[in-house]
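Asker: Contents of protein-v6.cif (mmCIF, C-alpha atoms):
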data_entry
#
loop_
_atom_site.label_atom_id
_atom_site.label_comp_id
_atom_site.auth_asym_id
_atom_site.auth_seq_id
_atom_site.Cartn_x
_atom_site.Cartn_y
_atom_site.Cartn_z
CA MET M 1 0.00 0.00 0.00
CA GLY M 2 3.04 2.27 0.02
CA THR M 3 6.27 2.92 1.93
CA VAL M 4 7.37 5.02 4.86
CA ASP M 5 11.12 5.51 5.45
CA GLY M 6 11.80 2.62 3.11
CA GLY M 7 9.56 0.17 4.99
CA MET M 8 6.32 -1.36 3.79
CA ILE M 9 3.04 -0.20 5.29
CA ALA M 10 0.92 -3.16 6.36
CA TRP M 11 -2.59 -3.36 4.94
CA ASP M 12 -4.97 -1.17 6.93
CA VAL M 13 -8.62 -2.19 6.74
CA TYR M 14 -9.62 0.94 8.68
CA ARG M 15 -7.61 3.61 6.91
CA GLU M 16 -9.89 4.70 4.09
CA ILE M 17 -13.23 4.39 5.89
CA HIS M 18 -11.83 6.15 8.95
CA LYS M 19 -10.64 9.01 6.75
CA ALA M 20 -14.16 9.17 5.33
CA MET M 21 -15.80 9.25 8.75
CA ARG M 22 -13.54 12.02 9.97
CA PHE M 23 -14.29 13.98 6.79
CA ALA M 24 -18.03 13.38 7.17
CA LEU M 25 -18.20 14.28 10.86
CA PHE M 26 -16.10 17.42 10.48
CA GLY M 27 -18.26 18.47 7.54
CA VAL M 28 -21.66 17.94 9.12
CA THR M 29 -20.52 19.54 12.40
CA THR M 30 -19.31 22.61 10.52
CA MET M 31 -22.56 22.64 8.53
CA ALA M 32 -24.59 22.56 11.75
CA GLY M 33 -22.60 25.52 13.06
CA HIS M 34 -23.34 27.78 10.07
CA THR M 35 -26.95 26.72 9.44
CA ASP M 36 -29.54 29.46 9.98
CA ALA M 37 -32.37 28.14 12.14
CA ALA M 38 -34.86 30.38 10.32
CA ASP M 39 -33.95 29.01 6.87
CA ASP M 40 -36.22 26.05 6.09
CA ALA M 41 -34.12 24.84 3.15
CA ALA M 42 -30.85 25.08 5.08
CA VAL M 43 -32.26 23.11 8.00
CA ALA M 44 -33.58 20.47 5.61
CA ARG M 45 -30.13 20.21 3.97
CA LEU M 46 -28.50 19.80 7.38
CA VAL M 47 -30.88 17.04 8.41
CA GLY M 48 -30.40 15.31 5.06
CA GLU M 49 -26.63 15.51 5.45
CA TRP M 50 -26.89 14.08 8.95
CA LEU M 51 -28.91 11.13 7.66
CA ASP M 52 -26.19 10.35 5.11
CA VAL M 53 -23.44 10.64 7.72
CA LYS M 54 -25.40 8.43 10.10
CA MET M 55 -25.84 5.83 7.36
CA VAL M 56 -22.08 5.73 6.80
CA LEU M 57 -21.37 5.41 10.52
CA GLU M 58 -23.96 2.71 11.06
CA GLY M 59 -22.85 0.94 7.91
CA HIS M 60 -19.27 0.87 9.15
CA HIS M 61 -20.38 -0.53 12.50
CA ALA M 62 -22.34 -3.27 10.71
CA HIS M 63 -19.33 -4.09 8.53
CA GLU M 64 -17.19 -4.43 11.65
CA ASP M 65 -19.74 -6.79 13.17
CA ASP M 66 -20.02 -8.87 10.00
CA PHE M 67 -16.43 -8.96 8.76
CA CYS M 68 -14.04 -7.93 11.56
CA ASP M 69 -15.48 -9.04 14.90
CA HIS M 70 -14.57 -12.70 14.42
CA LEU M 71 -11.04 -11.67 13.45
CA VAL M 72 -10.69 -9.58 16.62
CA ALA M 73 -12.06 -12.51 18.65
CA ALA M 74 -9.52 -14.86 17.07
CA HIS M 75 -6.45 -12.62 17.04
CA ALA M 76 -6.99 -9.80 19.58
CA SER M 77 -9.53 -11.09 22.09
CA HIS M 78 -8.01 -8.91 24.84
CA LEU M 79 -9.25 -5.82 22.94
CA ARG M 80 -12.77 -7.04 22.30
CA ASP M 81 -14.43 -5.84 25.53
CA ASP M 82 -13.13 -2.30 25.04
CA LEU M 83 -14.28 -2.33 21.42
CA GLU M 84 -17.75 -3.57 22.30
CA ALA M 85 -18.12 -0.90 25.01
CA ALA M 86 -17.04 1.82 22.58
CA HIS M 87 -19.50 0.60 19.94
CA ARG M 88 -22.37 0.56 22.44
CA LEU M 89 -21.52 4.09 23.54
CA SER M 90 -21.33 5.28 19.93
CA ASP M 91 -24.68 3.69 19.08
CA ALA M 92 -26.32 5.39 22.06
CA HIS M 93 -24.93 8.77 20.94
CA LEU M 94 -26.16 8.17 17.40
CA GLU M 95 -29.67 7.43 18.67
CA ARG M 96 -29.74 10.68 20.65
CA LEU M 97 -28.38 12.70 17.74
CA ASP M 98 -30.93 11.18 15.40
CA ALA M 99 -33.75 12.05 17.78
CA ALA M 100 -32.43 15.62 17.99
CA ALA M 101 -32.25 15.85 14.19
CA ASN M 102 -35.82 14.59 13.86
CA GLU M 103 -36.99 17.13 16.43
CA LEU M 104 -35.18 19.88 14.53
CA ALA M 105 -36.70 18.78 11.23
CA THR M 106 -40.27 18.96 12.52
CA ALA M 107 -40.08 22.05 14.73
CA PRO M 108 -41.51 25.40 13.55
CA ALA M 109 -38.90 27.99 12.70
CA SER M 110 -39.67 30.01 15.84
CA GLU M 111 -38.62 27.04 18.04
CA ARG M 112 -35.56 25.85 16.12
CA TRP M 113 -32.73 27.95 17.53
CA PRO M 114 -32.24 26.08 20.86
CA LEU M 115 -32.73 22.75 19.08
CA LEU M 116 -30.13 23.63 16.45
CA ARG M 117 -27.68 24.86 19.10
CA ARG M 118 -28.05 21.61 21.05
CA PHE M 119 -27.68 19.49 17.91
CA HIS M 120 -24.52 21.35 16.91
CA LEU M 121 -22.90 21.07 20.33
CA ASP M 122 -23.90 17.44 20.83
CA LEU M 123 -22.60 16.60 17.37
CA ALA M 124 -19.29 18.29 18.19
CA ASP M 125 -19.07 16.35 21.47
CA PHE M 126 -19.79 13.07 19.66
CA THR M 127 -17.16 13.83 17.03
CA ALA M 128 -14.55 14.51 19.72
CA MET M 129 -15.39 11.26 21.48
CA TYR M 130 -15.52 9.23 18.28
CA LEU M 131 -12.08 10.38 17.15
CA GLY M 132 -10.60 8.61 20.15
CA HIS M 133 -12.39 5.40 19.20
CA LEU M 134 -11.05 5.57 15.65
CA ARG M 135 -7.52 6.10 16.95
CA TYR M 136 -7.87 3.14 19.32
CA GLU M 137 -8.78 0.87 16.41
CA GLU M 138 -5.90 2.22 14.35
CA ASP M 139 -3.28 2.02 17.11
CA HIS M 140 -4.32 -1.24 18.78
CA VAL M 141 -6.72 -3.36 16.73
CA MET M 142 -5.10 -2.99 13.31
CA PRO M 143 -1.55 -3.79 14.50
CA ALA M 144 -2.85 -6.92 16.20
CA LEU M 145 -4.56 -8.06 13.00
CA ASN M 146 -1.46 -7.20 10.96
CA ALA M 147 0.64 -9.38 13.25
CA ALA M 148 -1.69 -12.34 12.77
CA MET M 149 -2.78 -12.00 9.14
CA SER M 150 -1.14 -11.39 5.78
CA ASP M 151 -1.68 -8.31 3.64
CA ASP M 152 -3.48 -10.50 1.11
CA GLU M 153 -5.88 -11.77 3.77
CA LEU M 154 -6.60 -8.26 5.01
CA GLU M 155 -7.03 -6.96 1.47
CA GLY M 156 -9.56 -9.75 0.99
CA VAL M 157 -11.50 -8.50 4.03
CA THR M 158 -11.49 -4.97 2.57
CA ASN M 159 -12.80 -6.25 -0.75
CA GLN M 160 -15.49 -8.32 0.97
CA ILE M 161 -16.70 -5.22 2.79
CA ARG M 162 -16.76 -3.13 -0.39
CA GLY M 163 -18.59 -5.87 -2.26
CA SER M 164 -21.26 -6.16 0.43
CA VAL M 165 -22.43 -2.54 0.06
CA PRO M 166 -25.41 -2.02 -2.32
CA PRO M 167 -24.44 0.36 -5.15
CA PRO M 168 -26.73 3.26 -4.09
CA GLU M 169 -25.27 3.13 -0.58
CA MET M 170 -21.75 2.83 -1.97
CA CYS M 171 -22.34 6.10 -3.82
CA VAL M 172 -22.94 7.77 -0.44
CA PHE M 173 -19.76 6.19 0.95
CA ILE M 174 -17.88 7.43 -2.13
CA ARG M 175 -19.05 10.99 -1.43
CA TYR M 176 -17.09 10.92 1.82
CA MET M 177 -14.32 8.45 1.01
CA VAL M 178 -13.00 9.78 -2.28
CA PRO M 179 -12.43 13.45 -1.24
CA SER M 180 -10.69 12.31 1.94
CA MET M 181 -8.29 9.94 0.14
CA ASN M 182 -4.92 10.71 -1.36
CA PHE M 183 -4.33 10.06 -5.04
CA SER M 184 -2.94 6.54 -4.64
CA GLU M 185 -5.93 5.49 -2.54
CA ARG M 186 -8.38 6.96 -5.04
CA LEU M 187 -6.64 5.16 -7.86
CA ASN M 188 -6.68 1.85 -5.99
CA MET M 189 -10.36 2.11 -5.12
CA LEU M 190 -11.79 3.59 -8.32
CA GLY M 191 -9.44 1.63 -10.56
CA GLY M 192 -10.52 -1.58 -8.85
CA MET M 193 -14.16 -0.65 -9.30
CA TYR M 194 -13.56 0.12 -12.97
CA GLN M 195 -11.96 -3.27 -13.49
CA GLY M 196 -14.43 -5.27 -11.43
CA ALA M 197 -17.88 -3.69 -11.50
CA PRO M 198 -20.42 -4.09 -14.34
CA PRO M 199 -20.39 -1.00 -16.60
CA GLU M 200 -23.77 0.30 -15.45
CA ILE M 201 -22.77 -0.03 -11.79
CA PHE M 202 -19.37 1.54 -12.34
CA GLU M 203 -21.07 4.49 -14.04
CA MET M 204 -22.91 5.16 -10.77
CA PHE M 205 -19.62 5.05 -8.86
CA ARG M 206 -17.83 7.20 -11.46
CA ALA M 207 -20.54 9.85 -11.39
CA ALA M 208 -20.48 9.92 -7.57
CA ALA M 209 -16.70 10.38 -7.61
CA GLU M 210 -16.84 13.12 -10.24
CA ALA M 211 -19.48 15.00 -8.24
CA CYS M 212 -17.37 15.14 -5.08
CA LEU M 213 -13.94 15.92 -6.56
CA SER M 214 -12.56 19.08 -8.11
CA PRO M 215 -12.37 18.88 -11.92
CA ALA M 216 -8.57 18.63 -11.77
CA ASP M 217 -8.59 15.83 -9.17
CA TYR M 218 -11.23 13.92 -11.11
CA ARG M 219 -9.33 14.19 -14.39
CA GLN M 220 -6.14 13.01 -12.71
CA VAL M 221 -7.61 9.81 -11.28
CA ALA M 222 -9.81 9.08 -14.32
CA ALA M 223 -6.81 9.33 -16.65
CA ALA M 224 -4.62 7.16 -14.44
CA ALA M 225 -7.32 4.49 -14.03
CA GLY M 226 -8.22 4.51 -17.73
CA PHE M 227 -11.83 5.66 -17.62
CA ALA M 228 -11.27 9.27 -18.69
#
Could you show the structure in this file as structure tokens?
Answerer:
Amino acid sequence: MGTVDGGMIAWDVYREIHKAMRFALFGVTTMAGHTDAADDAAVARLVGEWLDVKMVLEGHHAHEDDFCDHLVAAHASHLRDDLEAAHRLSDAHLERLDAAANELATAPASERWPLLRRFHLDLADFTAMYLGHLRYEEDHVMPALNAAMSDDELEGVTNQIRGSVPPPEMCVFIRYMVPSMNFSERLNMLGGMYQGAPPEIFEMFRAAAEACLSPADYRQVAAAAGFA
């Protein structure tokens, strides 16, 4: 996947999705901070953005349950209790944030300001807490899996996860993943999709990538992958 100081970087199942979740959470938190409570369309956009971010977060948690939990149990069982506790805490926060977003979406404009303020601050608090969870997985869980599994095995897990996501949902993931990636990661992901997905499905992924990249960044990766 690349080199650092001449040494190989082990395969990181978390790297790209964690970049996406940081990007998504920073974006929606910033959006909540500059949304005008009196602007119906702006509030609707914020709630819609939150629903997409929540889908990505919940999707990632489901992927961990389906594809990673048994690997942690087999190779890093001493970390499993801490992981489970962190996931339960995150899920509880997501439920509260979703309830707050629903309340904001249905409130009359005259009652939105305190609801929007609370949503913004609670979202910022969740983001701060969740960053620590992501770092724990990166600093403890991934090294344990790298020590027990080959890069090819871990790449296979990554590809299983990608293949399990329905194309419309993958387009939402792409909206957060692709802008947060570096060029090599974009090329690996989109180039693999170009080679492996049916043309009509890849067109969905290509359009999603084009919509979330600058024209220059899109042209660069499309030319390198061969779908320009």
Asker: For a test of reading the model, state the distance in Å between CA of Ala62 (chain M) and CA of Ala99 (chain M), rounded to one decimal.
Answerer: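 Spanning CA of Ala62 (chain M) to CA of Ala99 (chain M) is a straight-line distance of 20.4 Å.
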Asker: Suppose a student applies the PyMOL selection byres ((chain M and resi 101) around 12) to this structure; what residues should they get, written as a VMD selection string?
Answerer: chain M and resid 28 32 43 to 51 54 94 to 100 102 to 107 112 115 to 120 122 to 123
Asker: On this file, the PyMOL selection byres ((chain M and resi 130) around 10) gives some set of residues; write that set as a PyMOL selection string.
Answerer: chain M and resi 21-22+25+86-87+89-90+93+124-129+131-136
Asker: Report, in Å to a single decimal, how far apart CA of Phe173 (chain M) and CA of Ala197 (chain M) are.
Answerer: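 CA of Phe173 (chain M) lies at a distance of 16.0 Å from CA of Ala197 (chain M).
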Asker: Using the chain letters and residue numbers of this document, give as a list of chain:residue names the residues selected by the PyMOL selection byres ((chain M and resi 168) around 12).
Answerer: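 Against this file, the PyMOL selection byres ((chain M and resi 168) around 12) returns the residues M:Asp52, M:Met55, M:Ser164, M:Val165, M:Pro166, M:Pro167, M:Glu169, M:Met170, M:Cys171, M:Val172, M:Phe173, M:Ile174, M:Arg175, M:Ile201, M:Phe202, M:Glu203, M:Met204, M:Phe205, M:Ala207, M:Ala208.
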Asker: Smallest atom-to-atom distance to Glu185 (chain M): which of M:Ala38, M:Ala225, M:Val157, M:Val56, using only C-alpha atoms?
Answerer: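 Nearest candidate to Glu185 (chain M) out of M:Ala38, M:Ala225, M:Val157, M:Val56: M:Ala225.
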Asker: May I have the residues within 12 Å of Asp65 (chain M) as a list in words, using all atoms listed in the file and disregarding those fewer than 4 positions away in the same chain?
Answerer: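 Once the nearby chain positions are removed, what remains is Glu58, Gly59, His60, His61, Asp69, His70, Leu71, Val72, Ala73, Arg80, Leu83, Glu84, His87 and Ile161 of chain M.
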Asker: Rounded to one decimal place, report the CA of Asn146 (chain M)-CA of Trp11 (chain M) distance in Å.
Answerer: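 The value is 7.2 Å.
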Asker: Tell me which protein, DNA and RNA residues are within 10 Å of Ala144 (chain M), counting all atoms listed in the file, leaving out same-chain ones fewer than 6 positions away, and put them as a PDB file with C-alpha atoms, in the frame of the given file.
Answerer:
ATOM      1  CA  LEU M  71     -11.040 -11.670  13.450  1.00  0.00           C
ATOM      2  CA  VAL M  72     -10.690  -9.580  16.620  1.00  0.00           C
ATOM      3  CA  HIS M  75      -6.450 -12.620  17.040  1.00  0.00           C
ATOM      4  CA  ALA M  76      -6.990  -9.800  19.580  1.00  0.00           C
ATOM      5  CA  SER M  77      -9.530 -11.090  22.090  1.00  0.00           C
ATOM      6  CA  LEU M  79      -9.250  -5.820  22.940  1.00  0.00           C
ATOM      7  CA  GLU M 137      -8.780   0.870  16.410  1.00  0.00           C
ATOM      8  CA  GLU M 138      -5.900   2.220  14.350  1.00  0.00           C
TER       9      GLU M 138
END
Asker: Region 31-38 of chain M, all listed atoms, 4 Å padding on each side: what axis-aligned box centre and edge lengths in Å to one decimal come out, as lines of an AutoDock Vina configuration file?
Answerer:
center_x = -28.7
center_y = 26.5
center_z = 10.8
size_x = 20.3
size_y = 15.8
size_z = 12.5
Asker: N, CA and C atoms for region 112-145 of chain M, written as a PDB file, in the frame of the given file, could you do that?
Answerer:
ATOM      1  N   ARG M 112     -36.715  26.632  16.569  1.00  0.00           N
ATOM      2  CA  ARG M 112     -35.560  25.850  16.120  1.00  0.00           C
ATOM      3  C   ARG M 112     -34.239  26.241  16.767  1.00  0.00           C
ATOM      4  N   TRP M 113     -34.066  27.519  17.130  1.00  0.00           N
ATOM      5  CA  TRP M 113     -32.730  27.950  17.530  1.00  0.00           C
ATOM      6  C   TRP M 113     -32.150  27.110  18.666  1.00  0.00           C
ATOM      7  N   PRO M 114     -32.853  26.900  19.801  1.00  0.00           N
ATOM      8  CA  PRO M 114     -32.240  26.080  20.860  1.00  0.00           C
ATOM      9  C   PRO M 114     -32.020  24.627  20.427  1.00  0.00           C
ATOM     10  N   LEU M 115     -32.894  24.124  19.557  1.00  0.00           N
ATOM     11  CA  LEU M 115     -32.730  22.750  19.080  1.00  0.00           C
ATOM     12  C   LEU M 115     -31.491  22.640  18.191  1.00  0.00           C
ATOM     13  N   LEU M 116     -31.297  23.644  17.329  1.00  0.00           N
ATOM     14  CA  LEU M 116     -30.130  23.630  16.450  1.00  0.00           C
ATOM     15  C   LEU M 116     -28.844  23.797  17.260  1.00  0.00           C
ATOM     16  N   ARG M 117     -28.871  24.674  18.243  1.00  0.00           N
ATOM     17  CA  ARG M 117     -27.680  24.860  19.100  1.00  0.00           C
ATOM     18  C   ARG M 117     -27.329  23.553  19.796  1.00  0.00           C
ATOM     19  N   ARG M 118     -28.316  22.872  20.353  1.00  0.00           N
ATOM     20  CA  ARG M 118     -28.050  21.610  21.050  1.00  0.00           C
ATOM     21  C   ARG M 118     -27.522  20.557  20.081  1.00  0.00           C
ATOM     22  N   PHE M 119     -28.121  20.476  18.892  1.00  0.00           N
ATOM     23  CA  PHE M 119     -27.680  19.490  17.910  1.00  0.00           C
ATOM     24  C   PHE M 119     -26.225  19.748  17.527  1.00  0.00           C
ATOM     25  N   HIS M 120     -25.883  21.006  17.282  1.00  0.00           N
ATOM     26  CA  HIS M 120     -24.520  21.350  16.910  1.00  0.00           C
ATOM     27  C   HIS M 120     -23.532  20.969  18.004  1.00  0.00           C
ATOM     28  N   LEU M 121     -23.826  21.336  19.235  1.00  0.00           N
ATOM     29  CA  LEU M 121     -22.900  21.070  20.330  1.00  0.00           C
ATOM     30  C   LEU M 121     -22.804  19.575  20.637  1.00  0.00           C
ATOM     31  N   ASP M 122     -23.937  18.885  20.598  1.00  0.00           N
ATOM     32  CA  ASP M 122     -23.900  17.440  20.830  1.00  0.00           C
ATOM     33  C   ASP M 122     -23.156  16.713  19.716  1.00  0.00           C
ATOM     34  N   LEU M 123     -23.321  17.190  18.502  1.00  0.00           N
ATOM     35  CA  LEU M 123     -22.600  16.600  17.370  1.00  0.00           C
ATOM     36  C   LEU M 123     -21.098  16.828  17.524  1.00  0.00           C
ATOM     37  N   ALA M 124     -20.703  18.016  17.964  1.00  0.00           N
ATOM     38  CA  ALA M 124     -19.290  18.290  18.190  1.00  0.00           C
ATOM     39  C   ALA M 124     -18.734  17.402  19.305  1.00  0.00           C
ATOM     40  N   ASP M 125     -19.509  17.221  20.373  1.00  0.00           N
ATOM     41  CA  ASP M 125     -19.070  16.350  21.470  1.00  0.00           C
ATOM     42  C   ASP M 125     -18.916  14.905  20.989  1.00  0.00           C
ATOM     43  N   PHE M 126     -19.884  14.437  20.183  1.00  0.00           N
ATOM     44  CA  PHE M 126     -19.790  13.070  19.660  1.00  0.00           C
ATOM     45  C   PHE M 126     -18.556  12.921  18.778  1.00  0.00           C
ATOM     46  N   THR M 127     -18.319  13.897  17.922  1.00  0.00           N
ATOM     47  CA  THR M 127     -17.160  13.830  17.030  1.00  0.00           C
ATOM     48  C   THR M 127     -15.875  13.734  17.836  1.00  0.00           C
ATOM     49  N   ALA M 128     -15.749  14.553  18.880  1.00  0.00           N
ATOM     50  CA  ALA M 128     -14.550  14.510  19.720  1.00  0.00           C
ATOM     51  C   ALA M 128     -14.373  13.141  20.366  1.00  0.00           C
ATOM     52  N   MET M 129     -15.461  12.577  20.871  1.00  0.00           N
ATOM     53  CA  MET M 129     -15.390  11.260  21.480  1.00  0.00           C
ATOM     54  C   MET M 129     -15.054  10.191  20.460  1.00  0.00           C
ATOM     55  N   TYR M 130     -15.666  10.268  19.287  1.00  0.00           N
ATOM     56  CA  TYR M 130     -15.520   9.230  18.280  1.00  0.00           C
ATOM     57  C   TYR M 130     -14.109   9.197  17.694  1.00  0.00           C
ATOM     58  N   LEU M 131     -13.448  10.346  17.649  1.00  0.00           N
ATOM     59  CA  LEU M 131     -12.080  10.380  17.150  1.00  0.00           C
ATOM     60  C   LEU M 131     -11.167   9.487  17.986  1.00  0.00           C
ATOM     61  N   GLY M 132     -11.394   9.471  19.284  1.00  0.00           N
ATOM     62  CA  GLY M 132     -10.600   8.610  20.150  1.00  0.00           C
ATOM     63  C   GLY M 132     -10.833   7.136  19.855  1.00  0.00           C
ATOM     64  N   HIS M 133     -12.066   6.781  19.552  1.00  0.00           N
ATOM     65  CA  HIS M 133     -12.390   5.400  19.200  1.00  0.00           C
ATOM     66  C   HIS M 133     -11.693   4.991  17.902  1.00  0.00           C
ATOM     67  N   LEU M 134     -11.730   5.870  16.907  1.00  0.00           N
ATOM     68  CA  LEU M 134     -11.050   5.570  15.650  1.00  0.00           C
ATOM     69  C   LEU M 134      -9.558   5.351  15.873  1.00  0.00           C
ATOM     70  N   ARG M 135      -8.956   6.220  16.680  1.00  0.00           N
ATOM     71  CA  ARG M 135      -7.520   6.100  16.950  1.00  0.00           C
ATOM     72  C   ARG M 135      -7.204   4.804  17.701  1.00  0.00           C
ATOM     73  N   TYR M 136      -8.078   4.393  18.594  1.00  0.00           N
ATOM     74  CA  TYR M 136      -7.870   3.140  19.320  1.00  0.00           C
ATOM     75  C   TYR M 136      -7.841   1.961  18.334  1.00  0.00           C
ATOM     76  N   GLU M 137      -8.774   1.948  17.398  1.00  0.00           N
ATOM     77  CA  GLU M 137      -8.780   0.870  16.410  1.00  0.00           C
ATOM     78  C   GLU M 137      -7.516   0.895  15.558  1.00  0.00           C
ATOM     79  N   GLU M 138      -7.079   2.093  15.208  1.00  0.00           N
ATOM     80  CA  GLU M 138      -5.900   2.220  14.350  1.00  0.00           C
ATOM     81  C   GLU M 138      -4.605   1.857  15.072  1.00  0.00           C
ATOM     82  N   ASP M 139      -4.520   2.224  16.356  1.00  0.00           N
ATOM     83  CA  ASP M 139      -3.280   2.020  17.110  1.00  0.00           C
ATOM     84  C   ASP M 139      -3.188   0.667  17.793  1.00  0.00           C
ATOM     85  N   HIS M 140      -4.335   0.010  18.022  1.00  0.00           N
ATOM     86  CA  HIS M 140      -4.320  -1.240  18.780  1.00  0.00           C
ATOM     87  C   HIS M 140      -4.889  -2.425  17.988  1.00  0.00           C
ATOM     88  N   VAL M 141      -6.078  -2.239  17.410  1.00  0.00           N
ATOM     89  CA  VAL M 141      -6.720  -3.360  16.730  1.00  0.00           C
ATOM     90  C   VAL M 141      -5.990  -3.709  15.440  1.00  0.00           C
ATOM     91  N   MET M 142      -5.708  -2.703  14.610  1.00  0.00           N
ATOM     92  CA  MET M 142      -5.100  -2.990  13.310  1.00  0.00           C
ATOM     93  C   MET M 142      -3.709  -3.604  13.443  1.00  0.00           C
ATOM     94  N   PRO M 143      -2.844  -3.114  14.331  1.00  0.00           N
ATOM     95  CA  PRO M 143      -1.550  -3.790  14.500  1.00  0.00           C
ATOM     96  C   PRO M 143      -1.682  -5.245  14.931  1.00  0.00           C
ATOM     97  N   ALA M 144      -2.660  -5.540  15.784  1.00  0.00           N
ATOM     98  CA  ALA M 144      -2.850  -6.920  16.200  1.00  0.00           C
ATOM     99  C   ALA M 144      -3.277  -7.802  15.031  1.00  0.00           C
ATOM    100  N   LEU M 145      -4.147  -7.285  14.181  1.00  0.00           N
ATOM    101  CA  LEU M 145      -4.560  -8.060  13.000  1.00  0.00           C
ATOM    102  C   LEU M 145      -3.414  -8.184  12.005  1.00  0.00           C
TER     103      LEU M 145
END
